[in-house]
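The block underneath contains the structure these notes are about, expressed in structure tokens.
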Amino acid sequence: RALAMGRLCLAALVLGAARGLLPRAGPSRAAGRSPVVDLAELCDKYDAFLLDQFGVVHDGKTCYAGSAECVRALQAAGKRIVVLSNSSKRRRETIERLQGLECGMCTYLDAADVVAGVPAISVFTSGDLVHGALSALGKGVVDALFEGVLDPGQTRAFVFGNGDDDEAYLATAGVEPSEIEAADFVLARGLFCTLGPEPADLDFSSPDASDAILEVAAHRNIPMVVANPDLVRPDGKNSPMPGVLARRYAERFAGRCVLVGKPHPAIYDAAFAALASVGVVDKSRIAAVGDSMHHDILGGSKSGVDTIFVAGGVHSAELGVPQGRHVPPDAAALDAFFAEFPEDQLPTVTIPGFTLAESGPR
């Protein structure tokens with residue numbers, strides 16, 4: 001059934017291209033701000049997609065309807081897909097997740113492989129970039145991420161963990177969990193626990209839950225390295241993420257922060273390098289797809305590519321649409337939502353969901 005659906009999606013993609021990818025008279029607009037279209041109307045315009053995963057393709061456990069088929073159809077059509085994820089984990093976890101959800105073949109190489117004419121998905125995670133830079137410190141090398149921030153051998157960290165793979169992540173990066181009084185830096189991977197001589201769980205329902213720790217860190221003038229700069233988790237409850245911690249450290253305590261991941265440059269630089277290695281260098285033929293205005297759309301805009309906003313993601317409640325569903329937002333609601341952002345940070349287009357299916361009347 002999945003194979004048949006994938007073939008159907010690919011057929012729709014090819015048919016759309018033959019018709020100029022304009023099945024309707026034209027895209028509807030939310031008060032002229034950002035056209036609301038279906039993804040099939042855009043595919044012929046781009047050779048590569050910088051694709052977010054959480055809130056676009058899946059919710060962490062289950063693929064959204066039509067999303068896995070869409071990824072496979074784009075691959076089969078020769079489109080390059082580079083997944084950019086603000087995950088604090090290494091990219092192996094993302095690759096295994098995507099393959100387990102039958103989203104298509106991924107590669108561990110920076111350049112996308114091509115097997116039987118189908119390009120594999122490249123994956124870059126903020127956690128993997130941080131891991132590489134931390135590993136280099138232990139070898140006496142300062143990665144560009146940490147220039148002017150950390151020195152070789154500074155590998156003791158007070159860790160806010162994701163509660164899952166923290167121990168293995170730190171061990172393979174050569175990082176020693178430390179009390180805040182002896183740490184060289186703070187590492188923020190999640191808001192589920194802290195690691196050190198006395199690991200602890202914290203209740204982040206209160207914004208000042210970590211203030212005692214942050215106050216000591218600021219007094220000692222140590223930086224915070226943020227391996228996941230997201231503000232909220234697309235879990236239906238908008239649970240806080242490490243980006244909230246970084247914001248508080250910077251704003252309340254004037255702390256120094258190194259934020260890695262979208263919307264910051266390093267992860268885009270990695271993606272562009274991978275695409276250039278396979279001949280995709282024209283940024284007008286690359287689009288960033290995501291559901292977060294603060295990360296995916298802002299980061300894509302700052303990196304110089306077109307942006308495709310997925311309405312049914314982390315902002316779904318604000319737009320009055322169900323999360324993970326292919327339902328077009330009301331034009332007035334979308335216009336009011338976009339009015340909160342600067343014009344130069346608005347998406348090029350908006351799609352209801354990441355699928356090649358038509359969303360119906362808008």
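So you can find residues: chains in the structure tokens are A, B, ... in the order shown, residues in each start at 1, and ligands are numbered from 1 in order.
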
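Those residues that approach Glu96 in chain A to within 12 Å, counting only C-alpha atoms, are A:Lys89, A:Arg90, A:Arg91, A:Arg92, A:Gly100, A:Leu101, A:Glu102, A:Cys103, A:Gly104, A:Met105, A:Cys106, A:Thr107, A:Tyr108, A:Ile121, A:Val123; same-chain residues fewer than 4 positions away are not listed.
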
Using the selection just defined, write its residues with C-alpha atoms as an mmCIF file, in the first residue's frame.
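Ended up saving to out-v1.cif:
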data_model
loop_
_atom_site.group_PDB
_atom_site.id
_atom_site.type_symbol
_atom_site.label_atom_id
_atom_site.label_comp_id
_atom_site.auth_asym_id
_atom_site.auth_seq_id
_atom_site.Cartn_x
_atom_site.Cartn_y
_atom_site.Cartn_z
ATOM 1 C CA LYS A 89 21.251 14.061 19.326
ATOM 2 C CA ARG A 90 23.711 12.927 16.695
ATOM 3 C CA ARG A 91 22.429 12.418 13.203
ATOM 4 C CA ARG A 92 22.488 8.629 13.417
ATOM 5 C CA GLY A 100 12.157 3.461 10.493
ATOM 6 C CA LEU A 101 9.250 5.688 9.492
ATOM 7 C CA GLU A 102 9.826 4.648 5.847
ATOM 8 C CA CYS A 103 10.697 8.166 4.719
ATOM 9 C CA GLY A 104 13.333 6.881 2.315
ATOM 10 C CA MET A 105 17.017 6.037 2.248
ATOM 11 C CA CYS A 106 19.372 8.345 4.140
ATOM 12 C CA THR A 107 23.141 8.692 4.039
ATOM 13 C CA TYR A 108 25.809 9.099 6.703
ATOM 14 C CA ILE A 121 18.629 12.153 2.194
ATOM 15 C CA VAL A 123 21.010 14.848 7.554
#

Just asking: which residues within range 214-294 of chain A are strand (DSSP E or B) according to DSSP, as a compact mmCIF listing (two decimals) with C-alpha atoms, in the first residue's frame?
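The resulting file, states.txt, is shown below:
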# COMPACT_ATOMS: atom_id res chain seq x y z
CA MET A 224 26.33 28.31 27.52
CA VAL A 225 26.54 26.01 24.48
CA VAL A 226 23.04 25.25 23.21
CA VAL A 232 9.03 24.89 22.41
CA ARG A 233 8.45 21.26 21.50
CA SER A 239 6.73 22.16 26.30
CA PRO A 240 9.80 24.39 26.86
CA CYS A 257 25.46 31.88 24.60
CA VAL A 258 26.59 29.84 21.61
CA LEU A 259 23.45 28.71 19.84
CA ILE A 286 16.80 25.72 -3.00
CA ALA A 287 13.90 26.07 -0.56
CA ALA A 288 13.77 25.70 3.22
CA VAL A 289 10.66 23.92 4.51
CA GLY A 290 9.59 24.18 8.14

| field | Atom pair CA of Val281 in chain A / CA of Ala76 in chain A: separation (Å) | value |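 Taking CA of Val281 in chain A and CA of Ala76 in chain A, their separation equals 20.5 Å.
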
| task | For Asp143 in chain A, work out the shell of residues within 10 Å, counting only C-alpha atoms and skipping chain neighbours fewer than 6 positions away, then give it as an MDAnalysis selection string. | result | chainID A and resid 129:130 132:137 150:152

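Each of A:Glu343, A:Ala357, A:Leu84, A:Leu191 was compared to Asp203 in chain A using only C-alpha atoms, and A:Leu191 turns out to be the nearest.
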
| request: To one decimal in Å, tell me the separation between CA of Cys70 in chain A and CA of Val310 in chain A. | output: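 Those two atoms sit 13.9 Å apart.
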
| said: For a quick check of understanding, using only C-alpha atoms, which of A:Ala270, A:Ala40, A:Ala144, A:Ala276 has the smallest distance to Leu74 in chain A? | reply: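 Going through A:Ala270, A:Ala40, A:Ala144, A:Ala276 one by one, the smallest distance to Leu74 in chain A is for A:Ala40.
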
| Proximity to Ala311 in chain A - best of A:Ala68, A:Leu298, A:Phe192, A:Phe337, only C-alpha atoms |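 Counting only C-alpha atoms, the residue closest to Ala311 in chain A is A:Phe337.
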
| request: Between A:Asp344, A:Asp44, A:Glu179, A:Asp330, single out the one closest to Lys302 in chain A, counting only C-alpha atoms. | output: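 Going through A:Asp344, A:Asp44, A:Glu179, A:Asp330 one by one, the smallest distance to Lys302 in chain A is for A:Asp344.
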
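Residues in contact range of Gly78 in chain A, defined as at most 9 Å between only C-alpha atoms, with sequence neighbours fewer than 2 positions away removed, read Asp47, Ala48, Ala73, Leu74, Gln75, Ala76, Arg80, Gly117, Val118 and Pro119 of chain A.
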
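Between CA of Thr194 in chain A and CA of Leu145 in chain A lies a distance of 23.4 Å.
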
| field | Distance query Arg156 in chain A at most 7 Å, only C-alpha atoms, self and fewer than 6 positions along chain excluded, as a VMD selection string | value | chain A and resid 175 to 178 183 to 185

| request: Name the closest residue to Glu251 in chain A among the candidates A:Ala218, A:Val280, A:Ala227, A:Ala173; distances are taken between atoms, counting only C-alpha atoms. | output: A:Ala218

| message | Can you pull out the residues contacting Val278 in chain A? Cut-off 8 Å, using only C-alpha atoms, and skip same-chain residues under 4 positions away; I want them as a PyMOL selection string. | response | chain A and resi 111-112+274

Kindly save the residues from that selection, with C-alpha atoms included, as an mmCIF file, in the first residue's frame.
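That gives us out25.cif:
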data_model
loop_
_atom_site.group_PDB
_atom_site.id
_atom_site.type_symbol
_atom_site.label_atom_id
_atom_site.label_comp_id
_atom_site.auth_asym_id
_atom_site.auth_seq_id
_atom_site.Cartn_x
_atom_site.Cartn_y
_atom_site.Cartn_z
ATOM 1 C CA ALA A 111 27.208 14.461 0.185
ATOM 2 C CA ALA A 112 24.032 12.651 -0.832
ATOM 3 C CA ALA A 274 26.784 19.136 0.937
#
